[in-house]
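I have placed the structure first, in the form of structure tokens, so that the comments after it can refer back to it.
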Amino acid sequence: MHSVDRYLSENPGKRGLARTVAAWIMFAVLLIAPQTGVAAAAPSAAALPRAHAHNDYLHDRPLYDALAQGFTSVEADVYPGLQSSDLSVAHTPWEIRPGRTLRSLYLDPLQQVVAANGGTVLPGYRGEFQLLIEMKWDAPAAYRVLDDLVRDPRYAGLFTRYVDGRVVRGPVTIGLLTAFTDGTELRATLAAQNTRSAFVVGAPNDLGTGIPATLMPEINADWAKLFRWRGEGAMPDAERRTLTELVDRAHREGKRIRFWGVPDQPGAARKALWDVQYDTGADRIATDHLSDLAEYLRQRPS
């Protein structure tokens, strides 16, 4: 008989303790799983439909740290070129590292999580989970790689798709941002496709131009360009009206809206900035501080 088994047989009162220890060991295994390649979902809290993980890949466990807090949107910056069949995930070109790719950090883990959770990214959550991909360089080239990636049969049924004029919902919706590169060609490419598994994220000046939500379901607005208020004191009435009107315009077109570049340092000013976004109906609030935003949103009425 194994020494542990012998000890428990001779000390039956210790069995409850042993089960507790075993449960904690299993919890630790699940937390470590994403880094060891085990196809298992990290334990997660209740879903937070308005929580967005800015630059998610900079956390210790990309994707999984956000899932553990219940986030329903994560952001990855990508570059083409290091390898033709995948996209490198990094904040800057000089931070590119072999092995840190869109497939390894996001696509494969999401496929594994959805399989483990019976068809959803977060257990019991049937709303949208967004993978926001910011194409830092040469968006057309990056999209060609991405389009091939998401058509891989291993990801069948994973992504929300546009099919001949209608949107077919999947567990994961891919949104595309462009930075330091013209997004016009990318938008034209997606608009010409009869079937695709990605959608464009636009800017406030795209509102009112007739771009349908089936192509551009979300608006990403630069806070610093729109508002001088940084959370100190009351938000000026004129700026609050501008914010409210912008959110309402997006919603009238059936589009979500999120703001980027909002000051995110802990403190009273950040809470004020979160409050005004929440109260005026911004669809997602972005942060680098996952647990702080999760705690904040769980204290707000649903």
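Here's how to read the names in the structure tokens: chain A, B, ... by the order shown, residue numbers from 1 in each chain, ligand numbers from 1 in the order shown.
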
DSSP on the backbone, then: every residue of segment 174-279 of chain A marked strand (DSSP E), written as a VMD selection string.
chain A and resid 174 to 178 195 to 196 199 to 202 218 to 222 256 to 260

With a distance cut-off of 12 Å and only C-alpha atoms, select the neighbouring residues of Ser85 of chain A, excluding the residue or stretch itself and same-chain residues fewer than 4 positions from it, and output the selection as JSON, numbers by chain.
{"A": [79, 80, 81, 101, 102, 103, 141, 142, 143, 144, 145, 146, 147, 148, 149, 150, 152]}

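Going from atom CA of Glu128 of chain A over to atom CA of Ala224 of chain A, you cover 27.6 Å.
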
One-decimal distance in Å that lies between atom CA of Leu158 of chain A and atom CA of Val172 of chain A:
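So the answer is 6.1 Å.
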
Shell of 7 Å around segment 195-199 of chain A, only C-alpha atoms, local chain residues under 4 positions omitted, as number ranges by chain:
A: 150, 159-164, 174-176, 215-216

Would you mind exporting N, CA, C and O atoms of the selected residues as a PDB file, in the first residue's frame?
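The resulting part-v4.pdb:
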ATOM      1  N   VAL A 150      -7.713  31.949 -39.218  1.00  0.00           N
ATOM      2  CA  VAL A 150      -9.044  31.676 -38.670  1.00  0.00           C
ATOM      3  C   VAL A 150      -9.845  30.714 -39.540  1.00  0.00           C
ATOM      4  O   VAL A 150     -10.869  30.186 -39.081  1.00  0.00           O
ATOM      5  N   PHE A 159     -15.481  31.272 -34.171  1.00  0.00           N
ATOM      6  CA  PHE A 159     -15.575  32.712 -34.369  1.00  0.00           C
ATOM      7  C   PHE A 159     -16.933  33.145 -34.918  1.00  0.00           C
ATOM      8  O   PHE A 159     -17.554  32.435 -35.712  1.00  0.00           O
ATOM      9  N   THR A 160     -17.350  34.339 -34.507  1.00  0.00           N
ATOM     10  CA  THR A 160     -18.495  34.987 -35.140  1.00  0.00           C
ATOM     11  C   THR A 160     -18.133  35.251 -36.603  1.00  0.00           C
ATOM     12  O   THR A 160     -17.027  35.699 -36.903  1.00  0.00           O
ATOM     13  N   ARG A 161     -19.084  34.972 -37.521  1.00  0.00           N
ATOM     14  CA  ARG A 161     -18.781  35.081 -38.941  1.00  0.00           C
ATOM     15  C   ARG A 161     -19.804  35.970 -39.644  1.00  0.00           C
ATOM     16  O   ARG A 161     -20.971  36.033 -39.248  1.00  0.00           O
ATOM     17  N   TYR A 162     -19.333  36.634 -40.676  1.00  0.00           N
ATOM     18  CA  TYR A 162     -20.205  37.328 -41.608  1.00  0.00           C
ATOM     19  C   TYR A 162     -20.368  36.412 -42.808  1.00  0.00           C
ATOM     20  O   TYR A 162     -19.373  36.009 -43.441  1.00  0.00           O
ATOM     21  N   VAL A 163     -21.630  36.068 -43.117  1.00  0.00           N
ATOM     22  CA  VAL A 163     -21.897  35.127 -44.208  1.00  0.00           C
ATOM     23  C   VAL A 163     -23.003  35.701 -45.085  1.00  0.00           C
ATOM     24  O   VAL A 163     -24.177  35.736 -44.691  1.00  0.00           O
ATOM     25  N   ASP A 164     -22.620  36.172 -46.276  1.00  0.00           N
ATOM     26  CA  ASP A 164     -23.587  36.628 -47.273  1.00  0.00           C
ATOM     27  C   ASP A 164     -24.640  37.576 -46.690  1.00  0.00           C
ATOM     28  O   ASP A 164     -25.847  37.386 -46.856  1.00  0.00           O
ATOM     29  N   ILE A 174     -13.944  38.622 -33.421  1.00  0.00           N
ATOM     30  CA  ILE A 174     -12.673  39.302 -33.677  1.00  0.00           C
ATOM     31  C   ILE A 174     -12.949  40.711 -34.190  1.00  0.00           C
ATOM     32  O   ILE A 174     -13.644  40.906 -35.186  1.00  0.00           O
ATOM     33  N   GLY A 175     -12.386  41.698 -33.496  1.00  0.00           N
ATOM     34  CA  GLY A 175     -12.435  43.080 -33.948  1.00  0.00           C
ATOM     35  C   GLY A 175     -11.049  43.526 -34.369  1.00  0.00           C
ATOM     36  O   GLY A 175     -10.056  43.153 -33.733  1.00  0.00           O
ATOM     37  N   LEU A 176     -10.940  44.321 -35.416  1.00  0.00           N
ATOM     38  CA  LEU A 176      -9.646  44.729 -35.967  1.00  0.00           C
ATOM     39  C   LEU A 176      -9.456  46.237 -35.869  1.00  0.00           C
ATOM     40  O   LEU A 176     -10.279  47.018 -36.347  1.00  0.00           O
ATOM     41  N   LEU A 215     -20.243  45.327 -40.781  1.00  0.00           N
ATOM     42  CA  LEU A 215     -18.826  45.498 -41.104  1.00  0.00           C
ATOM     43  C   LEU A 215     -18.086  46.143 -39.941  1.00  0.00           C
ATOM     44  O   LEU A 215     -16.979  45.731 -39.592  1.00  0.00           O
ATOM     45  N   MET A 216     -18.709  47.160 -39.348  1.00  0.00           N
ATOM     46  CA  MET A 216     -18.073  47.932 -38.271  1.00  0.00           C
ATOM     47  C   MET A 216     -19.021  47.981 -37.069  1.00  0.00           C
ATOM     48  O   MET A 216     -19.823  48.899 -36.923  1.00  0.00           O
TER      49      MET A 216
END
